[in-house]
>>> print(open('data25.txt').read())   # compact mmCIF, C-alpha atoms
# COMPACT_ATOMS: atom_id res chain seq x y z
CA MET A 518 139.44 -72.01 -138.82
CA ASP A 519 138.83 -75.38 -137.19
CA ARG A 520 136.11 -74.72 -134.59
CA ALA A 521 137.32 -77.77 -132.64
CA ASP A 522 134.08 -78.65 -130.88
CA HIS A 523 135.75 -81.62 -129.20
CA ILE A 524 138.02 -79.22 -127.33
CA ARG A 525 135.18 -76.92 -126.24
CA ALA A 526 133.68 -79.72 -124.14
CA ASP A 527 137.00 -80.65 -122.49
CA PRO A 528 137.91 -78.18 -119.70
CA ALA A 529 141.37 -79.70 -119.25
CA ALA A 530 142.16 -79.45 -122.95
CA LEU A 531 140.94 -75.84 -123.03
CA ALA A 532 143.06 -74.93 -120.02
CA GLY A 533 146.07 -76.47 -121.72
CA LEU A 534 145.62 -74.12 -124.69
CA LEU A 535 145.86 -71.01 -122.51
CA ASN A 536 149.60 -70.62 -122.95
CA TRP A 537 152.14 -68.40 -124.68
CA ARG A 538 151.18 -69.78 -128.11
CA ALA A 539 147.52 -68.74 -127.80
CA ARG A 540 146.30 -65.90 -129.99
CA VAL A 541 143.76 -63.30 -128.88
CA LEU A 542 141.86 -61.28 -131.45
CA HIS A 543 142.34 -57.55 -130.96
CA LEU A 544 139.01 -55.75 -130.69
CA GLU A 545 138.08 -52.22 -129.78
CA GLY A 546 134.77 -52.95 -128.13
CA LEU A 547 133.10 -54.90 -130.93
CA MET A 548 135.14 -53.39 -133.77
CA PRO A 549 138.12 -55.20 -135.30
CA VAL A 550 141.61 -53.77 -135.16
CA ILE A 551 142.86 -53.84 -138.75
CA GLY A 552 146.53 -53.91 -139.67
CA ASP A 553 148.39 -51.96 -142.34
CA MET A 554 147.75 -54.69 -144.91
CA GLY A 555 144.02 -54.87 -144.19
CA GLU A 556 144.28 -57.93 -141.95
CA LEU A 557 142.99 -58.81 -138.50
CA VAL A 558 145.45 -58.10 -135.69
CA TRP A 559 146.14 -60.79 -133.14
CA GLY A 560 147.84 -60.51 -129.75
CA THR A 561 148.67 -62.84 -126.88
CA LEU A 562 147.24 -63.57 -123.46
CA ALA A 563 149.67 -60.98 -122.09
CA ASP A 564 147.62 -58.32 -123.88
CA THR A 565 144.43 -59.39 -122.10
CA ALA A 566 143.09 -58.45 -118.68
CA GLU A 567 143.46 -61.23 -116.13
CA ASP A 568 139.73 -61.26 -115.36
CA ALA A 569 138.59 -61.21 -119.00
CA GLU A 570 136.04 -63.75 -120.18
CA LEU A 571 137.67 -65.51 -123.12
CA VAL A 572 135.71 -67.19 -125.91
CA PHE A 573 137.49 -70.04 -127.69
CA LEU A 574 137.11 -69.42 -131.43
CA GLY A 575 138.98 -72.52 -132.62
CA LEU A 576 142.33 -73.54 -134.04
CA LEU A 577 144.12 -71.61 -136.78
CA ASP A 578 147.51 -72.81 -138.00
CA GLU A 579 147.46 -75.18 -135.01
CA LYS A 580 147.24 -72.25 -132.58
CA ALA A 581 144.32 -71.71 -130.22
CA CYS A 582 142.43 -68.50 -130.95
CA PHE A 583 140.37 -66.54 -128.45
CA ALA A 584 138.42 -63.29 -128.20
CA ALA A 585 137.65 -61.34 -125.03
CA VAL A 586 134.08 -60.41 -124.10
CA PRO A 587 133.73 -56.60 -123.89
CA GLN A 588 132.07 -54.78 -121.01
CA GLU A 589 129.09 -53.83 -123.17
CA GLY A 590 127.34 -55.36 -126.14
CA ALA A 591 125.95 -53.58 -129.16
CA THR A 592 123.78 -50.56 -128.37
CA GLY A 593 122.35 -50.04 -131.85
CA PRO A 594 122.02 -51.74 -135.24
CA ALA A 595 125.36 -52.61 -136.80
CA TYR A 596 124.26 -51.44 -140.25
CA ALA A 597 124.09 -47.88 -138.90
CA ASN A 598 127.80 -47.93 -138.04
CA PRO A 599 129.92 -46.87 -141.04
CA ARG A 600 132.98 -48.54 -139.49
CA ILE A 601 131.30 -51.93 -139.91
CA TRP A 602 130.88 -51.36 -143.66
CA GLN A 603 134.45 -50.09 -143.93
CA ALA A 604 135.76 -53.21 -142.19
CA MET A 605 133.73 -55.43 -144.50
CA GLN A 606 135.37 -53.82 -147.52
CA MET A 607 138.90 -54.05 -146.09
CA LEU A 608 139.02 -57.58 -144.66
CA SER A 609 139.58 -60.68 -146.74
CA PRO A 610 136.70 -63.20 -146.84
CA ALA A 611 138.56 -65.49 -144.42
CA ASP A 612 139.28 -62.70 -141.94
CA LEU A 613 135.74 -61.36 -142.28
CA ALA A 614 134.33 -64.79 -141.43
CA ILE A 615 136.55 -65.03 -138.35
CA TYR A 616 135.69 -61.52 -137.21
CA GLY A 617 131.98 -61.97 -137.86
CA GLY A 618 131.80 -65.14 -135.80
CA ALA A 619 133.87 -63.65 -132.99
CA ARG A 620 131.82 -60.45 -132.91
CA SER A 621 128.54 -62.31 -132.77
CA LEU A 622 129.75 -64.50 -129.91
CA VAL A 623 131.30 -61.84 -127.69
CA ASP A 624 128.34 -59.51 -128.28
CA TRP A 625 125.97 -62.28 -127.18
CA HIS A 626 128.00 -62.88 -124.03
CA ALA A 627 128.12 -59.17 -123.18
CA ARG A 628 124.33 -58.96 -123.42
CA HIS A 629 123.50 -62.25 -121.65
CA ARG A 630 125.34 -62.11 -118.35
CA PHE A 631 122.13 -62.85 -116.45
CA CYS A 632 119.81 -65.82 -116.62
CA ALA A 633 116.61 -65.26 -118.59
CA ARG A 634 114.88 -67.81 -116.36
CA CYS A 635 115.68 -66.57 -112.83
CA GLY A 636 117.75 -63.41 -113.25
CA ALA A 637 120.87 -64.71 -111.52
CA GLY A 638 124.33 -64.20 -112.96
CA THR A 639 125.58 -66.72 -115.50
CA ARG A 640 129.07 -68.01 -116.24
CA LEU A 641 130.78 -68.78 -119.51
CA THR A 642 131.18 -72.51 -120.19
CA LYS A 643 132.11 -74.85 -123.04
CA GLY A 644 134.78 -72.44 -124.24
CA GLY A 645 132.25 -69.65 -124.64
CA TRP A 646 129.67 -71.55 -126.65
CA GLN A 647 127.33 -71.77 -123.67
CA ARG A 648 126.44 -69.90 -120.47
CA ASP A 649 125.21 -71.70 -117.36
CA CYS A 650 123.19 -70.40 -114.46
CA GLY A 651 124.53 -71.55 -111.10
CA THR A 652 121.22 -70.84 -109.37
CA CYS A 653 118.53 -72.57 -111.43
CA HIS A 654 120.98 -74.57 -113.61
CA ALA A 655 119.50 -73.31 -116.89
CA GLN A 656 121.75 -73.52 -119.92
CA HIS A 657 121.86 -70.72 -122.49
CA PHE A 658 123.28 -70.88 -126.01
CA PRO A 659 124.28 -68.31 -128.65
CA ARG A 660 121.39 -67.68 -131.02
CA THR A 661 121.18 -67.57 -134.78
CA ASP A 662 118.12 -65.89 -136.29
CA PRO A 663 117.02 -67.10 -139.77
CA VAL A 664 116.10 -64.36 -142.25
CA THR A 665 114.73 -64.94 -145.74
CA ILE A 666 115.93 -62.59 -148.47
CA MET A 667 114.24 -63.12 -151.79
CA LEU A 668 114.19 -62.14 -155.41
CA VAL A 669 110.63 -61.85 -156.72
CA GLU A 670 110.18 -62.13 -160.50
CA HIS A 671 107.16 -61.35 -162.70
CA SER A 672 107.31 -61.42 -166.51
CA GLY A 673 111.07 -60.96 -166.64
CA ARG A 674 111.19 -58.16 -164.08
CA LEU A 675 112.45 -58.15 -160.48
CA LEU A 676 110.78 -56.59 -157.47
CA LEU A 677 113.26 -54.61 -155.36
CA GLY A 678 112.60 -52.28 -152.46
CA ARG A 679 114.29 -49.58 -150.47
CA GLN A 680 114.05 -48.94 -146.76
CA PRO A 681 114.26 -45.43 -145.31
CA ARG A 682 117.69 -46.19 -143.84
CA PHE A 683 119.18 -47.09 -147.24
CA PRO A 684 121.58 -44.67 -148.95
CA PRO A 685 120.06 -42.56 -151.76
CA ARG A 686 118.99 -44.58 -154.84
CA ALA A 687 119.78 -47.90 -153.11
CA PHE A 688 117.43 -50.83 -153.77
CA SER A 689 117.75 -54.41 -152.60
CA ALA A 690 115.87 -57.69 -152.31
CA LEU A 691 112.99 -57.89 -149.85
CA ALA A 692 113.82 -59.64 -146.59
CA GLY A 693 112.30 -60.62 -143.27
CA PHE A 694 112.70 -62.88 -140.25
CA VAL A 695 111.39 -66.44 -140.25
CA GLU A 696 108.77 -66.68 -137.51
CA PRO A 697 108.34 -69.59 -135.05
CA GLY A 698 106.59 -72.59 -136.59
CA GLU A 699 107.16 -71.35 -140.13
CA THR A 700 108.93 -72.96 -143.09
CA ILE A 701 111.31 -70.97 -145.27
CA GLU A 702 108.79 -71.12 -148.11
CA GLU A 703 106.01 -69.81 -145.88
CA ALA A 704 108.24 -67.00 -144.59
CA VAL A 705 109.07 -65.90 -148.14
CA ALA A 706 105.41 -65.82 -149.15
CA ARG A 707 104.30 -64.03 -145.99
CA GLU A 708 107.03 -61.39 -146.05
CA VAL A 709 106.53 -60.51 -149.72
CA PHE A 710 102.79 -60.20 -149.21
CA GLU A 711 103.15 -58.16 -146.02
CA GLU A 712 105.70 -55.74 -147.47
CA ALA A 713 104.52 -55.43 -151.08
CA GLY A 714 101.04 -56.98 -151.27
CA VAL A 715 102.16 -59.59 -153.81
CA ARG A 716 101.30 -63.31 -153.72
CA VAL A 717 104.18 -65.60 -154.76
CA ARG A 718 104.70 -69.27 -155.62
CA ASP A 719 107.46 -71.72 -156.56
CA VAL A 720 109.95 -70.67 -153.88
CA GLU A 721 113.50 -71.89 -154.57
CA TYR A 722 116.50 -71.87 -152.26
CA ILE A 723 119.63 -70.28 -153.77
CA ALA A 724 122.31 -69.65 -151.11
CA THR A 725 122.94 -68.58 -147.52
CA GLN A 726 125.18 -66.02 -145.88
CA PRO A 727 125.93 -65.57 -142.18
CA TRP A 728 125.27 -61.98 -141.18
CA PRO A 729 126.51 -61.85 -137.58
CA PHE A 730 125.51 -58.25 -136.91
CA PRO A 731 124.33 -59.43 -134.47
CA SER A 732 123.25 -63.00 -135.32
CA GLN A 733 121.35 -63.48 -138.58
CA LEU A 734 121.61 -66.26 -141.13
CA MET A 735 120.45 -64.85 -144.46
CA ILE A 736 118.64 -67.48 -146.56
CA GLY A 737 118.62 -66.40 -150.19
CA CYS A 738 115.57 -67.45 -152.21
CA TYR A 739 113.88 -66.87 -155.55
CA CYS A 740 110.15 -66.94 -156.27
CA THR A 741 107.57 -66.02 -158.89
CA ALA A 742 104.87 -63.39 -158.37
CA GLU A 743 101.32 -64.11 -159.46
CA THR A 744 100.65 -60.43 -160.26
CA ASP A 745 102.64 -57.21 -160.46
CA ALA A 746 100.20 -54.97 -158.57
CA LEU A 747 101.88 -53.53 -155.46
CA THR A 748 100.46 -52.51 -152.11
CA ILE A 749 103.44 -51.23 -150.13
CA ASP A 750 103.67 -51.37 -146.34
CA GLU A 751 105.18 -47.96 -145.73
CA THR A 752 106.27 -48.91 -142.21
CA GLU A 753 108.69 -51.40 -143.84
CA LEU A 754 109.50 -49.91 -147.23
CA GLU A 755 109.91 -46.39 -148.50
CA GLU A 756 109.51 -47.57 -152.07
CA ALA A 757 109.25 -50.76 -154.13
CA ARG A 758 109.54 -51.06 -157.91
CA TRP A 759 109.81 -53.59 -160.71
CA PHE A 760 113.11 -53.50 -162.63
CA THR A 761 113.80 -55.04 -166.03
CA ARG A 762 116.76 -57.28 -166.74
CA GLU A 763 118.39 -54.37 -168.56
CA ASP A 764 117.88 -52.16 -165.49
CA VAL A 765 119.50 -54.70 -163.18
CA ALA A 766 122.39 -55.41 -165.57
CA ARG A 767 123.18 -51.73 -165.94
CA ALA A 768 122.98 -51.06 -162.20
CA MET A 769 125.28 -53.98 -161.42
CA ALA A 770 127.75 -52.92 -164.13
CA GLU A 771 127.92 -49.28 -163.01
CA GLY A 772 127.98 -50.02 -159.27
CA ARG A 773 126.83 -48.05 -156.27
CA ASP A 774 128.44 -44.80 -157.42
CA GLY A 775 127.28 -45.06 -161.03
CA SER A 776 124.36 -43.45 -162.79
CA GLY A 777 122.37 -46.65 -163.33
CA PRO A 778 118.66 -47.05 -162.58
CA PHE A 779 119.47 -47.78 -158.93
CA ALA A 780 122.42 -48.33 -156.61
CA PRO A 781 122.83 -52.10 -156.14
CA PRO A 782 123.66 -53.80 -152.83
CA PRO A 783 127.35 -53.89 -151.85
CA SER A 784 129.34 -56.86 -153.13
CA SER A 785 129.71 -58.20 -149.57
CA ALA A 786 125.94 -58.68 -149.23
CA ILE A 787 124.05 -61.79 -150.34
CA ALA A 788 121.56 -59.57 -152.19
CA HIS A 789 124.37 -58.70 -154.61
CA THR A 790 125.07 -62.41 -155.11
CA LEU A 791 121.38 -63.08 -155.77
CA LEU A 792 121.21 -60.35 -158.41
CA SER A 793 124.32 -61.75 -160.13
CA TRP A 794 122.78 -65.23 -160.04
CA TRP A 795 119.57 -63.93 -161.63
CA LEU A 796 121.44 -62.20 -164.44
CA ASP A 797 123.51 -65.34 -165.12
CA LYS A 798 120.55 -67.71 -165.20
CA ALA A 799 118.89 -66.03 -168.20
>>> encode(input="data25.txt", output="structure tokens")
Amino acid sequence: MDRADHIRADPAALAGLLNWRARVLHLEGLMPVIGDMGELVWGTLADTAEDAELVFLGLLDEKACFAAVPQEGATGPAYANPRIWQAMQMLSPADLAIYGGARSLVDWHARHRFCARCGAGTRLTKGGWQRDCGTCHAQHFPRTDPVTIMLVEHSGRLLLGRQPRFPPRAFSALAGFVEPGETIEEAVAREVFEEAGVRVRDVEYIATQPWPFPSQLMIGCYCTAETDALTIDETELEEARWFTREDVARAMAEGRDGSGPFAPPPSSAIAHTLLSWWLDKA
């Protein structure tokens, strides 16, 4: 999808796109409506309430695409909703990217209808990529929260952990939010030490993945541990263990329902990509 930033800033151009050719993404609250072939379902402006706040997503096949802001935003973590995981398995990568961006935007709007500066109501502007306060004139923008997710290696083994909310036997890479004033490298080192008591060095960037549930950007990294002694923060992790290359290869080959040493992350998660990268780099 062409995000068409030049159109967002042009009220007249945006108004001209609100016609019979416009497409509106069908959502049930924040959940996507999925068609018989596993695709996103689109409607028209006629399917949308007259007073709906519409976010301009961009241009797809030369047609303007919008999504309506729901009455309420998310009330709990998206990972706890099995319908989210089902949708991620059903949608194509292109549709998942469109849905993820749309969900993040409309959820932000639903939860930011009032100014954080003065408390007055705000209005959607710039096609939905900004909200303005008419009282104190503050401008508010959709947020993206950086999260480091890292593979930690020591003597040919990987450190993986499991959180209490994970399914049985599931292990994944350690992860944590980047804090204000912190580099990615510093965040990796701090999070690994806080969660597992391990000092690391030689942090490398591998890949990123948007995780708009609600607004994370996952920054995949790799680093080397100075020791393998663990001191686990049990408020963050239920368990953390070192796994050999053979352990990881078998788990990835047998999948989440197999009998391998652990259940690997789902293929839609960047942690799965990082584990595949580590196996391939040997």
>>> closest_residue(input="data25.txt", among="A:Pro610, A:Pro587, A:Gly673, A:Gly618", to="Arg630 (chain A)", atoms="all atoms listed in the file")
A:Pro587
>>> residues_near_point(input="data25.txt", point="(141.4, -73.4, -121.0)", cutoff="10 Å", atoms="only C-alpha atoms", output="PDB file with C-alpha atoms, in the frame of the given file")
ATOM      1  CA  ILE A 524     138.020 -79.220-127.330  1.00  0.00           C
ATOM      2  CA  ARG A 525     135.180 -76.920-126.240  1.00  0.00           C
ATOM      3  CA  ASP A 527     137.000 -80.650-122.490  1.00  0.00           C
ATOM      4  CA  PRO A 528     137.910 -78.180-119.700  1.00  0.00           C
ATOM      5  CA  ALA A 529     141.370 -79.700-119.250  1.00  0.00           C
ATOM      6  CA  ALA A 530     142.160 -79.450-122.950  1.00  0.00           C
ATOM      7  CA  LEU A 531     140.940 -75.840-123.030  1.00  0.00           C
ATOM      8  CA  ALA A 532     143.060 -74.930-120.020  1.00  0.00           C
ATOM      9  CA  GLY A 533     146.070 -76.470-121.720  1.00  0.00           C
ATOM     10  CA  LEU A 534     145.620 -74.120-124.690  1.00  0.00           C
ATOM     11  CA  LEU A 535     145.860 -71.010-122.510  1.00  0.00           C
ATOM     12  CA  ASN A 536     149.600 -70.620-122.950  1.00  0.00           C
ATOM     13  CA  LEU A 571     137.670 -65.510-123.120  1.00  0.00           C
ATOM     14  CA  VAL A 572     135.710 -67.190-125.910  1.00  0.00           C
ATOM     15  CA  PHE A 573     137.490 -70.040-127.690  1.00  0.00           C
ATOM     16  CA  ALA A 581     144.320 -71.710-130.220  1.00  0.00           C
ATOM     17  CA  LYS A 643     132.110 -74.850-123.040  1.00  0.00           C
ATOM     18  CA  GLY A 644     134.780 -72.440-124.240  1.00  0.00           C
TER      19      GLY A 644
END
>>> closest_residue(input="data25.txt", among="A:Arg660, A:His523, A:Arg707, A:Arg600", to="Asp624 (chain A)", atoms="only C-alpha atoms")
A:Arg660
>>> residues_near_point(input="data25.txt", point="(107.5, -47.3, -144.4)", cutoff="10 Å", atoms="all atoms listed in the file", output="PyMOL selection string")
chain A and resi 679-681+712+749-756
>>> write_last_selection(input="data25.txt", atoms="C-alpha atoms", output="PDB file, in the frame of the given file")
ATOM      1  CA  ARG A 679     114.290 -49.580-150.470  1.00  0.00           C
ATOM      2  CA  GLN A 680     114.050 -48.940-146.760  1.00  0.00           C
ATOM      3  CA  PRO A 681     114.260 -45.430-145.310  1.00  0.00           C
ATOM      4  CA  GLU A 712     105.700 -55.740-147.470  1.00  0.00           C
ATOM      5  CA  ILE A 749     103.440 -51.230-150.130  1.00  0.00           C
ATOM      6  CA  ASP A 750     103.670 -51.370-146.340  1.00  0.00           C
ATOM      7  CA  GLU A 751     105.180 -47.960-145.730  1.00  0.00           C
ATOM      8  CA  THR A 752     106.270 -48.910-142.210  1.00  0.00           C
ATOM      9  CA  GLU A 753     108.690 -51.400-143.840  1.00  0.00           C
ATOM     10  CA  LEU A 754     109.500 -49.910-147.230  1.00  0.00           C
ATOM     11  CA  GLU A 755     109.910 -46.390-148.500  1.00  0.00           C
ATOM     12  CA  GLU A 756     109.510 -47.570-152.070  1.00  0.00           C
TER      13      GLU A 756
END
>>> atom_distance(input="data25.txt", atom1="CA of Ala591 (chain A)", atom2="CA of Leu791 (chain A)")
28.6 Å
>>> closest_residue(input="data25.txt", among="A:Trp537, A:Trp795, A:Phe779, A:Phe760", to="Phe688 (chain A)", atoms="all atoms listed in the file")
A:Phe779
>>> residues_around(input="data25.txt", residues="Thr744 (chain A)", least_positions_apart="3", cutoff="10 Å", atoms="all atoms listed in the file", output="PyMOL selection string")
chain A and resi 670-672+714-717+741+747
>>> residues_around(input="data25.txt", residues="Ile615 (chain A)", least_positions_apart="6", cutoff="10 Å", atoms="only C-alpha atoms", output="list of chain:residue names")
A:Met518, A:Leu542, A:Leu557, A:Leu574, A:Gly575, A:Ser609
>>> closest_residue(input="data25.txt", among="A:Ala692, A:Gly772, A:Ile787, A:Ser793", to="Glu711 (chain A)", atoms="only C-alpha atoms")
A:Ala692
>>> closest_residue(input="data25.txt", among="A:Phe730, A:Trp794, A:Tyr616, A:Trp559", to="Thr592 (chain A)", atoms="all atoms listed in the file")
A:Phe730
>>> build_atoms(input="data25.txt", residues="region 656-669 of chain A", atoms="N, CA and C atoms", output="compact mmCIF listing (two decimals), in the frame of the given file")
# COMPACT_ATOMS: atom_id res chain seq x y z
N GLN A 656 120.67 -73.66 -118.96
CA GLN A 656 121.75 -73.52 -119.92
C GLN A 656 121.30 -72.59 -121.05
N HIS A 657 122.18 -71.68 -121.45
CA HIS A 657 121.86 -70.72 -122.49
C HIS A 657 122.89 -70.82 -123.61
N PHE A 658 122.42 -70.67 -124.86
CA PHE A 658 123.28 -70.88 -126.01
C PHE A 658 123.21 -69.69 -126.96
N PRO A 659 124.31 -69.39 -127.66
CA PRO A 659 124.28 -68.31 -128.65
C PRO A 659 123.19 -68.57 -129.68
N ARG A 660 122.52 -67.52 -130.10
CA ARG A 660 121.39 -67.68 -131.02
C ARG A 660 121.79 -67.32 -132.44
N THR A 661 121.10 -67.93 -133.37
CA THR A 661 121.18 -67.57 -134.78
C THR A 661 119.76 -67.38 -135.28
N ASP A 662 119.47 -66.23 -135.86
CA ASP A 662 118.12 -65.89 -136.29
C ASP A 662 118.01 -66.02 -137.81
N PRO A 663 117.16 -66.93 -138.32
CA PRO A 663 117.02 -67.10 -139.77
C PRO A 663 116.23 -65.95 -140.39
N VAL A 664 116.74 -65.45 -141.50
CA VAL A 664 116.10 -64.36 -142.25
C VAL A 664 116.01 -64.77 -143.71
N THR A 665 114.83 -64.70 -144.30
CA THR A 665 114.73 -64.94 -145.74
C THR A 665 114.97 -63.64 -146.48
N ILE A 666 115.71 -63.73 -147.58
CA ILE A 666 115.93 -62.59 -148.47
C ILE A 666 115.67 -63.11 -149.87
N MET A 667 114.76 -62.46 -150.60
CA MET A 667 114.24 -63.12 -151.79
C MET A 667 114.15 -62.19 -153.00
N LEU A 668 114.46 -62.78 -154.14
CA LEU A 668 114.19 -62.14 -155.41
C LEU A 668 112.80 -62.57 -155.86
N VAL A 669 111.99 -61.60 -156.26
CA VAL A 669 110.63 -61.85 -156.72
C VAL A 669 110.56 -61.46 -158.19
